[in-house]
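Source file: structure22.pdb; contents: PDB, C-alpha atoms.
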ATOM      1  CA  MET A  17       0.000   0.000   0.000  1.00  0.00           C
ATOM      2  CA  ILE A  18       1.324   3.352  -1.103  1.00  0.00           C
ATOM      3  CA  THR A  19       0.877   6.208   1.330  1.00  0.00           C
ATOM      4  CA  GLU A  20       0.832   9.852   0.253  1.00  0.00           C
ATOM      5  CA  ASN A  21       3.689  11.969   1.420  1.00  0.00           C
ATOM      6  CA  PRO A  22       2.302  14.343   4.043  1.00  0.00           C
ATOM      7  CA  THR A  23       4.556  17.094   2.877  1.00  0.00           C
ATOM      8  CA  SER A  24       3.365  16.704  -0.723  1.00  0.00           C
ATOM      9  CA  ALA A  25      -0.318  16.732   0.331  1.00  0.00           C
ATOM     10  CA  GLU A  26       0.184  19.878   2.349  1.00  0.00           C
ATOM     11  CA  ALA A  27       1.877  21.503  -0.618  1.00  0.00           C
ATOM     12  CA  MET A  28      -1.004  20.607  -2.905  1.00  0.00           C
ATOM     13  CA  ALA A  29      -3.527  21.916  -0.389  1.00  0.00           C
ATOM     14  CA  GLY A  30      -1.546  25.096  -0.118  1.00  0.00           C
ATOM     15  CA  LYS A  31      -1.574  25.500  -3.888  1.00  0.00           C
ATOM     16  CA  ARG A  32      -5.346  25.003  -3.971  1.00  0.00           C
ATOM     17  CA  VAL A  33      -5.838  27.626  -1.258  1.00  0.00           C
ATOM     18  CA  SER A  34      -3.567  29.987  -3.143  1.00  0.00           C
ATOM     19  CA  ARG A  35      -5.562  29.471  -6.341  1.00  0.00           C
ATOM     20  CA  TYR A  36      -8.816  30.072  -4.490  1.00  0.00           C
ATOM     21  CA  MET A  37      -7.373  33.215  -2.912  1.00  0.00           C
ATOM     22  CA  LEU A  38      -6.170  34.532  -6.272  1.00  0.00           C
ATOM     23  CA  TYR A  39      -9.556  33.733  -7.793  1.00  0.00           C
ATOM     24  CA  ALA A  40     -11.368  35.509  -4.962  1.00  0.00           C
ATOM     25  CA  ILE A  41      -9.070  38.498  -5.206  1.00  0.00           C
ATOM     26  CA  GLY A  42      -9.643  38.589  -8.949  1.00  0.00           C
ATOM     27  CA  GLU A  43     -13.396  38.476  -8.467  1.00  0.00           C
ATOM     28  CA  ILE A  44     -13.238  41.289  -5.902  1.00  0.00           C
ATOM     29  CA  ALA A  45     -11.029  43.331  -8.226  1.00  0.00           C
ATOM     30  CA  LEU A  46     -13.482  42.869 -11.087  1.00  0.00           C
ATOM     31  CA  VAL A  47     -16.371  43.933  -8.850  1.00  0.00           C
ATOM     32  CA  MET A  48     -14.429  46.986  -7.673  1.00  0.00           C
ATOM     33  CA  ILE A  49     -13.513  47.929 -11.228  1.00  0.00           C
ATOM     34  CA  GLY A  50     -17.157  47.568 -12.223  1.00  0.00           C
ATOM     35  CA  ILE A  51     -18.248  49.792  -9.349  1.00  0.00           C
ATOM     36  CA  LEU A  52     -15.610  52.413 -10.192  1.00  0.00           C
ATOM     37  CA  LEU A  53     -16.597  52.381 -13.843  1.00  0.00           C
ATOM     38  CA  ALA A  54     -20.257  52.731 -12.904  1.00  0.00           C
ATOM     39  CA  LEU A  55     -19.425  55.647 -10.624  1.00  0.00           C
ATOM     40  CA  GLN A  56     -17.326  57.253 -13.345  1.00  0.00           C
ATOM     41  CA  VAL A  57     -20.133  56.909 -15.882  1.00  0.00           C
ATOM     42  CA  ASN A  58     -22.621  58.289 -13.355  1.00  0.00           C
ATOM     43  CA  ASN A  59     -20.347  61.227 -12.592  1.00  0.00           C
ATOM     44  CA  TRP A  60     -19.906  61.861 -16.297  1.00  0.00           C
ATOM     45  CA  ASN A  61     -23.662  61.770 -16.835  1.00  0.00           C
ATOM     46  CA  GLU A  62     -24.245  64.118 -13.929  1.00  0.00           C
ATOM     47  CA  ALA A  63     -21.587  66.519 -15.220  1.00  0.00           C
ATOM     48  CA  ARG A  64     -23.133  66.419 -18.687  1.00  0.00           C
ATOM     49  CA  LYS A  65     -26.601  67.088 -17.263  1.00  0.00           C
ATOM     50  CA  HIS A  66     -25.208  69.968 -15.227  1.00  0.00           C
ATOM     51  CA  GLN A  67     -23.574  71.485 -18.313  1.00  0.00           C
ATOM     52  CA  GLU A  68     -26.809  71.154 -20.251  1.00  0.00           C
ATOM     53  CA  THR A  69     -28.649  72.852 -17.399  1.00  0.00           C
ATOM     54  CA  LEU A  70     -26.112  75.677 -17.347  1.00  0.00           C
ATOM     55  CA  LYS A  71     -26.348  76.150 -21.101  1.00  0.00           C
ATOM     56  CA  ALA A  72     -30.128  76.411 -20.818  1.00  0.00           C
ATOM     57  CA  ILE A  73     -29.775  78.956 -18.000  1.00  0.00           C
ATOM     58  CA  TYR A  74     -27.260  80.945 -20.057  1.00  0.00           C
ATOM     59  CA  ARG A  75     -29.747  81.067 -22.938  1.00  0.00           C
ATOM     60  CA  ILE A  76     -32.416  82.394 -20.587  1.00  0.00           C
ATOM     61  CA  THR A  77     -29.961  84.916 -19.125  1.00  0.00           C
ATOM     62  CA  LYS A  78     -29.026  86.113 -22.606  1.00  0.00           C
ATOM     63  CA  ALA A  79     -32.710  86.595 -23.485  1.00  0.00           C
ATOM     64  CA  ASP A  80     -33.230  88.481 -20.194  1.00  0.00           C
ATOM     65  CA  LEU A  81     -30.296  90.772 -20.934  1.00  0.00           C
ATOM     66  CA  LYS A  82     -31.436  91.497 -24.484  1.00  0.00           C
ATOM     67  CA  ASN A  83     -34.900  92.454 -23.224  1.00  0.00           C
ATOM     68  CA  ASP A  84     -33.396  94.622 -20.491  1.00  0.00           C
ATOM     69  CA  ILE A  85     -31.068  96.375 -22.924  1.00  0.00           C
ATOM     70  CA  ALA A  86     -33.928  97.059 -25.341  1.00  0.00           C
ATOM     71  CA  GLU A  87     -35.929  98.634 -22.499  1.00  0.00           C
ATOM     72  CA  ILE A  88     -32.919 100.673 -21.387  1.00  0.00           C
ATOM     73  CA  ASP A  89     -32.303 101.855 -24.959  1.00  0.00           C
ATOM     74  CA  ALA A  90     -35.877 103.112 -25.204  1.00  0.00           C
ATOM     75  CA  PHE A  91     -35.559 104.886 -21.856  1.00  0.00           C
ATOM     76  CA  ILE A  92     -32.210 106.497 -22.686  1.00  0.00           C
ATOM     77  CA  ASN A  93     -33.353 107.562 -26.152  1.00  0.00           C
ATOM     78  CA  GLU A  94     -36.366 109.298 -24.635  1.00  0.00           C
ATOM     79  CA  TYR A  95     -34.107 110.938 -22.063  1.00  0.00           C
ATOM     80  CA  ASP A  96     -31.470 112.087 -24.564  1.00  0.00           C
ATOM     81  CA  GLU A  97     -33.986 113.366 -27.112  1.00  0.00           C
ATOM     82  CA  ILE A  98     -36.655 114.890 -24.883  1.00  0.00           C
ATOM     83  CA  ARG A  99     -36.060 115.111 -21.176  1.00  0.00           C
ATOM     84  CA  LYS A 100     -32.377 116.080 -21.048  1.00  0.00           C
ATOM     85  CA  PRO A 101     -32.779 118.952 -23.579  1.00  0.00           C
ATOM     86  CA  ALA A 102     -35.817 120.069 -21.585  1.00  0.00           C
ATOM     87  CA  PHE A 103     -33.852 120.074 -18.324  1.00  0.00           C
ATOM     88  CA  GLU A 104     -31.006 122.041 -19.902  1.00  0.00           C
ATOM     89  CA  ALA A 105     -33.303 124.577 -21.540  1.00  0.00           C
ATOM     90  CA  VAL A 106     -35.273 125.189 -18.351  1.00  0.00           C
ATOM     91  CA  LEU A 107     -32.137 125.504 -16.220  1.00  0.00           C
ATOM     92  CA  LYS A 108     -29.927 127.483 -18.609  1.00  0.00           C
ATOM     93  CA  THR A 109     -32.416 129.706 -20.428  1.00  0.00           C
ATOM     94  CA  GLU A 110     -34.886 132.345 -19.306  1.00  0.00           C
ATOM     95  CA  LEU A 111     -37.887 130.823 -21.036  1.00  0.00           C
ATOM     96  CA  THR A 112     -40.892 132.984 -21.768  1.00  0.00           C
ATOM     97  CA  ARG A 113     -44.531 131.946 -21.627  1.00  0.00           C
ATOM     98  CA  GLU A 114     -44.463 131.656 -25.424  1.00  0.00           C
ATOM     99  CA  ASP A 115     -41.444 129.339 -25.219  1.00  0.00           C
ATOM    100  CA  TRP A 116     -43.282 127.056 -22.818  1.00  0.00           C
ATOM    101  CA  LEU A 117     -46.399 126.994 -24.959  1.00  0.00           C
ATOM    102  CA  LYS A 118     -44.431 126.239 -28.124  1.00  0.00           C
ATOM    103  CA  ASN A 119     -42.575 123.343 -26.520  1.00  0.00           C
ATOM    104  CA  THR A 120     -44.738 121.501 -24.009  1.00  0.00           C
ATOM    105  CA  GLN A 121     -41.929 118.965 -23.551  1.00  0.00           C
ATOM    106  CA  TYR A 122     -40.318 121.427 -21.143  1.00  0.00           C
ATOM    107  CA  ALA A 123     -42.951 120.296 -18.650  1.00  0.00           C
ATOM    108  CA  SER A 124     -41.235 116.873 -18.504  1.00  0.00           C
ATOM    109  CA  VAL A 125     -38.860 118.389 -15.921  1.00  0.00           C
ATOM    110  CA  LEU A 126     -41.723 118.087 -13.424  1.00  0.00           C
ATOM    111  CA  ARG A 127     -42.984 114.667 -14.404  1.00  0.00           C
ATOM    112  CA  GLY A 128     -42.146 111.214 -13.135  1.00  0.00           C
ATOM    113  CA  TYR A 129     -40.471 108.383 -15.006  1.00  0.00           C
ATOM    114  CA  LYS A 130     -40.848 104.709 -15.774  1.00  0.00           C
ATOM    115  CA  ASP A 131     -39.118 102.388 -13.321  1.00  0.00           C
ATOM    116  CA  PHE A 132     -36.646  99.895 -14.716  1.00  0.00           C
ATOM    117  CA  SER A 133     -36.704  96.375 -13.326  1.00  0.00           C
ATOM    118  CA  SER A 134     -34.353  93.829 -14.829  1.00  0.00           C
ATOM    119  CA  ASN A 135     -35.531  90.358 -15.818  1.00  0.00           C
ATOM    120  CA  LEU A 136     -34.114  87.897 -13.308  1.00  0.00           C
ATOM    121  CA  ARG A 137     -35.237  84.478 -14.556  1.00  0.00           C
ATOM    122  CA  GLY A 138     -31.744  83.305 -15.502  1.00  0.00           C
ATOM    123  CA  PHE A 139     -30.144  84.947 -12.488  1.00  0.00           C
ATOM    124  CA  GLU A 140     -32.485  83.218 -10.039  1.00  0.00           C
ATOM    125  CA  LEU A 141     -32.050  79.860 -11.773  1.00  0.00           C
ATOM    126  CA  LEU A 142     -28.291  80.207 -11.675  1.00  0.00           C
ATOM    127  CA  LYS A 143     -28.307  81.038  -7.978  1.00  0.00           C
ATOM    128  CA  SER A 144     -30.251  77.835  -7.329  1.00  0.00           C
ATOM    129  CA  GLN A 145     -27.369  75.717  -8.638  1.00  0.00           C
ATOM    130  CA  SER A 146     -25.598  74.173  -5.635  1.00  0.00           C
ATOM    131  CA  ASP A 147     -22.177  73.769  -7.248  1.00  0.00           C
ATOM    132  CA  ILE A 148     -21.302  77.166  -8.663  1.00  0.00           C
ATOM    133  CA  SER A 149     -17.853  76.654 -10.102  1.00  0.00           C
ATOM    134  CA  ALA A 150     -14.607  78.561  -9.919  1.00  0.00           C
ATOM    135  CA  GLU A 151     -14.416  82.133  -8.736  1.00  0.00           C
ATOM    136  CA  LYS A 152     -13.811  83.526 -12.223  1.00  0.00           C
ATOM    137  CA  SER A 153     -16.314  81.277 -13.996  1.00  0.00           C
ATOM    138  CA  LEU A 154     -19.095  82.609 -16.197  1.00  0.00           C
ATOM    139  CA  ASP A 155     -21.574  81.611 -13.484  1.00  0.00           C
ATOM    140  CA  SER A 156     -19.907  83.908 -10.982  1.00  0.00           C
ATOM    141  CA  GLU A 157     -19.599  86.732 -13.496  1.00  0.00           C
ATOM    142  CA  ILE A 158     -23.336  86.639 -14.152  1.00  0.00           C
ATOM    143  CA  ILE A 159     -24.192  86.642 -10.452  1.00  0.00           C
ATOM    144  CA  LEU A 160     -21.717  89.442  -9.732  1.00  0.00           C
ATOM    145  CA  PHE A 161     -23.119  91.474 -12.646  1.00  0.00           C
ATOM    146  CA  TYR A 162     -26.679  91.380 -11.321  1.00  0.00           C
ATOM    147  CA  ASN A 163     -25.714  91.887  -7.698  1.00  0.00           C
ATOM    148  CA  ARG A 164     -23.625  94.945  -8.526  1.00  0.00           C
ATOM    149  CA  HIS A 165     -25.753  96.688 -11.146  1.00  0.00           C
ATOM    150  CA  ASN A 166     -29.155  95.988  -9.636  1.00  0.00           C
ATOM    151  CA  ILE A 167     -28.080  97.496  -6.328  1.00  0.00           C
ATOM    152  CA  GLU A 168     -26.755 100.636  -8.036  1.00  0.00           C
ATOM    153  CA  ILE A 169     -29.915 101.008 -10.119  1.00  0.00           C
ATOM    154  CA  GLU A 170     -32.151 100.469  -7.098  1.00  0.00           C
ATOM    155  CA  VAL A 171     -30.261 103.155  -5.176  1.00  0.00           C
ATOM    156  CA  GLY A 172     -30.565 105.554  -8.112  1.00  0.00           C
ATOM    157  CA  GLN A 173     -34.288 104.854  -8.457  1.00  0.00           C
ATOM    158  CA  LYS A 174     -34.854 105.352  -4.756  1.00  0.00           C
ATOM    159  CA  GLU A 175     -33.096 108.721  -4.741  1.00  0.00           C
ATOM    160  CA  ILE A 176     -34.862 110.058  -7.817  1.00  0.00           C
ATOM    161  CA  MET A 177     -38.239 108.818  -6.607  1.00  0.00           C
ATOM    162  CA  GLU A 178     -37.750 110.458  -3.213  1.00  0.00           C
ATOM    163  CA  GLU A 179     -36.924 113.766  -4.881  1.00  0.00           C
ATOM    164  CA  PHE A 180     -39.867 113.489  -7.261  1.00  0.00           C
ATOM    165  CA  SER A 181     -42.167 112.690  -4.324  1.00  0.00           C
ATOM    166  CA  LEU A 182     -40.922 115.784  -2.483  1.00  0.00           C
ATOM    167  CA  ASN A 183     -41.607 117.923  -5.541  1.00  0.00           C
ATOM    168  CA  VAL A 184     -45.110 116.497  -5.929  1.00  0.00           C
ATOM    169  CA  LYS A 185     -45.784 117.059  -2.245  1.00  0.00           C
ATOM    170  CA  LYS A 186     -44.796 120.692  -2.701  1.00  0.00           C
ATOM    171  CA  LEU A 187     -46.742 121.245  -5.940  1.00  0.00           C
ATOM    172  CA  LYS A 188     -49.973 119.550  -4.853  1.00  0.00           C
ATOM    173  CA  ASP A 189     -50.903 122.631  -2.859  1.00  0.00           C
ATOM    174  CA  TYR A 190     -51.154 124.698  -6.040  1.00  0.00           C
ATOM    175  CA  ASP A 191     -54.564 125.080  -7.694  1.00  0.00           C
ATOM    176  CA  TRP A 192     -53.164 124.014 -11.075  1.00  0.00           C
ATOM    177  CA  PHE A 193     -51.686 120.737  -9.810  1.00  0.00           C
ATOM    178  CA  SER A 194     -54.461 118.370 -10.875  1.00  0.00           C
ATOM    179  CA  SER A 195     -55.128 120.092 -14.211  1.00  0.00           C
ATOM    180  CA  PHE A 196     -51.443 119.869 -15.084  1.00  0.00           C
ATOM    181  CA  TYR A 197     -50.813 116.236 -14.124  1.00  0.00           C
ATOM    182  CA  ILE A 198     -54.161 114.905 -15.315  1.00  0.00           C
ATOM    183  CA  GLN A 199     -55.162 117.167 -18.213  1.00  0.00           C
ATOM    184  CA  ASN A 200     -51.736 118.531 -19.192  1.00  0.00           C
ATOM    185  CA  GLU A 201     -52.862 122.146 -18.875  1.00  0.00           C
ATOM    186  CA  MET A 202     -49.844 124.449 -18.878  1.00  0.00           C
ATOM    187  CA  ASP A 203     -50.966 127.873 -17.597  1.00  0.00           C
ATOM    188  CA  GLY A 204     -50.405 127.242 -13.906  1.00  0.00           C
ATOM    189  CA  VAL A 205     -47.124 125.401 -14.263  1.00  0.00           C
ATOM    190  CA  ILE A 206     -45.747 128.107 -16.570  1.00  0.00           C
ATOM    191  CA  ASP A 207     -46.483 130.796 -13.987  1.00  0.00           C
ATOM    192  CA  TYR A 208     -44.836 128.647 -11.341  1.00  0.00           C
ATOM    193  CA  MET A 209     -41.668 128.010 -13.355  1.00  0.00           C
ATOM    194  CA  ILE A 210     -41.304 131.641 -14.409  1.00  0.00           C
ATOM    195  CA  ASN A 211     -42.154 133.363 -11.127  1.00  0.00           C
ATOM    196  CA  ASP A 212     -41.229 130.996  -8.265  1.00  0.00           C
ATOM    197  CA  PRO A 213     -37.569 131.620  -7.283  1.00  0.00           C
ATOM    198  CA  THR A 214     -37.173 128.089  -5.861  1.00  0.00           C
ATOM    199  CA  ALA A 215     -38.559 126.270  -8.906  1.00  0.00           C
ATOM    200  CA  LYS A 216     -35.258 125.944 -10.757  1.00  0.00           C
ATOM    201  CA  ASN A 217     -33.489 124.703  -7.628  1.00  0.00           C
ATOM    202  CA  ASP A 218     -35.931 121.790  -7.356  1.00  0.00           C
ATOM    203  CA  VAL A 219     -35.582 121.056 -11.064  1.00  0.00           C
ATOM    204  CA  ALA A 220     -31.773 121.198 -10.800  1.00  0.00           C
ATOM    205  CA  LEU A 221     -31.617 118.556  -8.070  1.00  0.00           C
ATOM    206  CA  TYR A 222     -34.085 116.365  -9.963  1.00  0.00           C
ATOM    207  CA  TYR A 223     -31.870 116.726 -13.050  1.00  0.00           C
ATOM    208  CA  VAL A 224     -28.711 115.723 -11.160  1.00  0.00           C
ATOM    209  CA  LEU A 225     -30.375 112.610  -9.739  1.00  0.00           C
ATOM    210  CA  PHE A 226     -31.850 111.779 -13.141  1.00  0.00           C
ATOM    211  CA  ASN A 227     -28.376 111.924 -14.703  1.00  0.00           C
ATOM    212  CA  ILE A 228     -26.968 109.618 -12.042  1.00  0.00           C
ATOM    213  CA  TYR A 229     -29.796 107.144 -12.602  1.00  0.00           C
ATOM    214  CA  VAL A 230     -29.410 107.202 -16.383  1.00  0.00           C
ATOM    215  CA  GLU A 231     -25.656 106.706 -16.044  1.00  0.00           C
ATOM    216  CA  GLU A 232     -26.274 103.536 -14.010  1.00  0.00           C
ATOM    217  CA  LEU A 233     -28.579 102.292 -16.765  1.00  0.00           C
ATOM    218  CA  ARG A 234     -25.851 102.968 -19.344  1.00  0.00           C
ATOM    219  CA  LYS A 235     -23.379 100.950 -17.248  1.00  0.00           C
ATOM    220  CA  PHE A 236     -25.867  98.094 -17.034  1.00  0.00           C
ATOM    221  CA  LYS A 237     -26.244  98.144 -20.813  1.00  0.00           C
ATOM    222  CA  ILE A 238     -22.484  98.177 -21.509  1.00  0.00           C
ATOM    223  CA  SER A 239     -21.711  95.405 -19.022  1.00  0.00           C
ATOM    224  CA  GLY A 240     -24.757  93.451 -20.189  1.00  0.00           C
ATOM    225  CA  GLU A 241     -23.559  93.531 -23.796  1.00  0.00           C
ATOM    226  CA  GLU A 242     -20.148  92.295 -22.668  1.00  0.00           C
ATOM    227  CA  LEU A 243     -21.822  89.485 -20.749  1.00  0.00           C
ATOM    228  CA  ILE A 244     -23.868  88.474 -23.800  1.00  0.00           C
ATOM    229  CA  ALA A 245     -20.622  88.261 -25.796  1.00  0.00           C
ATOM    230  CA  LYS A 246     -19.114  85.962 -23.155  1.00  0.00           C
ATOM    231  CA  ILE A 247     -22.198  83.742 -23.191  1.00  0.00           C
ATOM    232  CA  ASP A 248     -21.954  83.523 -26.981  1.00  0.00           C
ATOM    233  CA  GLN A 249     -18.258  82.669 -26.723  1.00  0.00           C
ATOM    234  CA  TYR A 250     -18.984  79.950 -24.177  1.00  0.00           C
ATOM    235  CA  SER A 251     -21.633  78.450 -26.470  1.00  0.00           C
ATOM    236  CA  ALA A 252     -19.273  78.563 -29.468  1.00  0.00           C
ATOM    237  CA  GLU A 253     -16.446  76.836 -27.595  1.00  0.00           C
ATOM    238  CA  ASP A 254     -18.642  74.070 -26.186  1.00  0.00           C
TER     239      ASP A 254
END
Will you turn the file into structure tokens for me?
Amino acid sequence: MITENPTSAEAMAGKRVSRYMLYAIGEIALVMIGILLALQVNNWNEARKHQETLKAIYRITKADLKNDIAEIDAFINEYDEIRKPAFEAVLKTELTREDWLKNTQYASVLRGYKDFSSNLRGFELLKSQSDISAEKSLDSEIILFYNRHNIEIEVGQKEIMEEFSLNVKKLKDYDWFSSFYIQNEMDGVIDYMINDPTAKNDVALYYVLFNIYVEELRKFKISGEELIAKIDQYSAED
């Protein structure tokens, strides 16, 4: 009877264990690789979805800016062509009653104005993104643009509205107040502007605040056009 060498049997058992261990390690490695690949694909998909979301937000932001700039253009054109010349004529020239009657636009120095409120759809959507990227990214530039310019415009609007409200409060005690603001009758306001020594002072301050406000709108337009160009460049490079 032939007996197996104990040392040889132990060696064979050791080899089998080693093979099983290598097999198990291989299986674990394959599982780990599969998990890592799945995570990588998931991360890639999430990054792609995020980029698509950003591109959609940029398109909305661009549309918002174009609408805002069109509104600002209309406001500034009206100011440059009508209200600013009226301010300068009233403040720098001794206008007669005939002058006032020939050019009723002079009365715009006592009238209010249309508020500007920027469209914030894209801005609000962008702020809702939880992973705003690098400090100098387009995301941050857009947010900084709105934060800076909207604050300046709001301050300008507040100051000009406060001054206009003070003027209205002063003028409402005159008999001609309602006929001027509602029916555009000029007789009373002409007498006031020609004969009241404080009238031009009130108009002058209103003019200064108006200029400051319009200048903020011009800055918004210039920076907004630059931002649109950057959005277009981003879209072209993608």
Measure the distance from atom CA of Thr112 of chain A to atom CA of Asn211 of chain A in Å and round it to one decimal.
10.7 Å
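Residues matched by the PyMOL selection byres ((chain A and resi 247) around 9) in this structure: Lys71, Tyr74, Arg75, Thr77, Lys78, Leu154, Glu242, Leu243, Ile244, Ala245, Lys246, Asp248, Gln249, Tyr250, Ser251 and Ala252 of chain A.
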What gap, in Å, lies between atom CA of Ala79 of chain A and atom CA of Ile176 of chain A?
28.3 Å
For the provided coordinates, the residues matched by the PyMOL selection byres ((chain A and resi 213-224) around 9) should be stated as JSON, numbers by chain.
{"A": [100, 103, 104, 106, 107, 125, 126, 176, 179, 180, 183, 208, 209, 210, 211, 212, 225, 226, 227, 228, 229]}
I want to know what sits within 9 Å of Glu170 of chain A, based on all atoms listed in the file, with residues of the same chain fewer than 4 positions away left out; could you give that as a ChimeraX atom specification?
/A:132-133,165-166,174-175,229
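Rounded to one decimal, atom CA of Tyr129 of chain A and atom CA of Glu178 of chain A lie 12.3 Å from each other.
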Any chance you could work out the axis-aligned box around segment 74-91 of chain A, listed atoms only, 5 Å on each side, giving centre and edge lengths in Å to one decimal, as lines of an AutoDock Vina configuration file?
center_x = -31.6
center_y = 92.9
center_z = -22.2
size_x = 18.7
size_y = 33.9
size_z = 16.2
Spatial neighbours of Asp155 of chain A, max dist 12 Å, only C-alpha atoms, sep filter under 6 positions, as a list in words:
Gln67, Thr69, Leu70, Lys71, Ile73, Tyr74, Thr77, Gly138, Phe139, Glu140, Leu141, Leu142, Lys143, Ser144, Gln145, Ser146, Asp147, Ile148, Ser149, Phe161, Tyr162, Leu243, Lys246, Ile247 and Tyr250 of chain A
As an mmCIF file, keeping the file's coordinate frame, please: segment 97-115 of chain A completed to N, CA and C atoms.
data_model
loop_
_atom_site.group_PDB
_atom_site.id
_atom_site.type_symbol
_atom_site.label_atom_id
_atom_site.label_comp_id
_atom_site.auth_asym_id
_atom_site.auth_seq_id
_atom_site.Cartn_x
_atom_site.Cartn_y
_atom_site.Cartn_z
ATOM 1 N N GLU A 97 -33.305 112.583 -26.078
ATOM 2 C CA GLU A 97 -33.986 113.366 -27.112
ATOM 3 C C GLU A 97 -35.013 114.353 -26.561
ATOM 4 N N ILE A 98 -35.569 114.049 -25.396
ATOM 5 C CA ILE A 98 -36.655 114.890 -24.883
ATOM 6 C C ILE A 98 -36.335 115.484 -23.519
ATOM 7 N N ARG A 99 -36.122 114.612 -22.550
ATOM 8 C CA ARG A 99 -36.060 115.111 -21.176
ATOM 9 C C ARG A 99 -34.772 115.883 -20.878
ATOM 10 N N LYS A 100 -33.629 115.369 -21.328
ATOM 11 C CA LYS A 100 -32.377 116.080 -21.048
ATOM 12 C C LYS A 100 -32.353 117.462 -21.692
ATOM 13 N N PRO A 101 -32.710 117.602 -22.999
ATOM 14 C CA PRO A 101 -32.779 118.952 -23.579
ATOM 15 C C PRO A 101 -33.751 119.860 -22.834
ATOM 16 N N ALA A 102 -34.848 119.270 -22.339
ATOM 17 C CA ALA A 102 -35.817 120.069 -21.585
ATOM 18 C C ALA A 102 -35.206 120.562 -20.281
ATOM 19 N N PHE A 103 -34.533 119.680 -19.564
ATOM 20 C CA PHE A 103 -33.852 120.074 -18.324
ATOM 21 C C PHE A 103 -32.878 121.220 -18.602
ATOM 22 N N GLU A 104 -32.050 121.051 -19.620
ATOM 23 C CA GLU A 104 -31.006 122.041 -19.902
ATOM 24 C C GLU A 104 -31.599 123.380 -20.330
ATOM 25 N N ALA A 105 -32.667 123.338 -21.114
ATOM 26 C CA ALA A 105 -33.303 124.577 -21.540
ATOM 27 C C ALA A 105 -33.925 125.313 -20.360
ATOM 28 N N VAL A 106 -34.613 124.571 -19.503
ATOM 29 C CA VAL A 106 -35.273 125.189 -18.351
ATOM 30 C C VAL A 106 -34.252 125.771 -17.384
ATOM 31 N N LEU A 107 -33.131 125.073 -17.203
ATOM 32 C CA LEU A 107 -32.137 125.504 -16.220
ATOM 33 C C LEU A 107 -31.191 126.582 -16.752
ATOM 34 N N LYS A 108 -30.939 126.571 -18.062
ATOM 35 C CA LYS A 108 -29.927 127.483 -18.609
ATOM 36 C C LYS A 108 -30.516 128.680 -19.350
ATOM 37 N N THR A 109 -31.798 128.666 -19.604
ATOM 38 C CA THR A 109 -32.416 129.706 -20.428
ATOM 39 C C THR A 109 -33.573 130.349 -19.677
ATOM 40 N N GLU A 110 -33.733 131.652 -19.873
ATOM 41 C CA GLU A 110 -34.886 132.345 -19.306
ATOM 42 C C GLU A 110 -36.053 132.180 -20.274
ATOM 43 N N LEU A 111 -36.792 131.122 -20.121
ATOM 44 C CA LEU A 111 -37.887 130.823 -21.036
ATOM 45 C C LEU A 111 -39.076 131.755 -20.788
ATOM 46 N N THR A 112 -39.690 132.163 -21.859
ATOM 47 C CA THR A 112 -40.892 132.984 -21.768
ATOM 48 C C THR A 112 -42.133 132.090 -21.794
ATOM 49 N N ARG A 113 -43.278 132.685 -21.539
ATOM 50 C CA ARG A 113 -44.531 131.946 -21.627
ATOM 51 C C ARG A 113 -44.710 131.355 -23.013
ATOM 52 N N GLU A 114 -44.340 132.134 -24.043
ATOM 53 C CA GLU A 114 -44.463 131.656 -25.424
ATOM 54 C C GLU A 114 -43.568 130.449 -25.656
ATOM 55 N N ASP A 115 -42.358 130.483 -25.086
ATOM 56 C CA ASP A 115 -41.444 129.339 -25.219
ATOM 57 C C ASP A 115 -42.076 128.075 -24.639
#
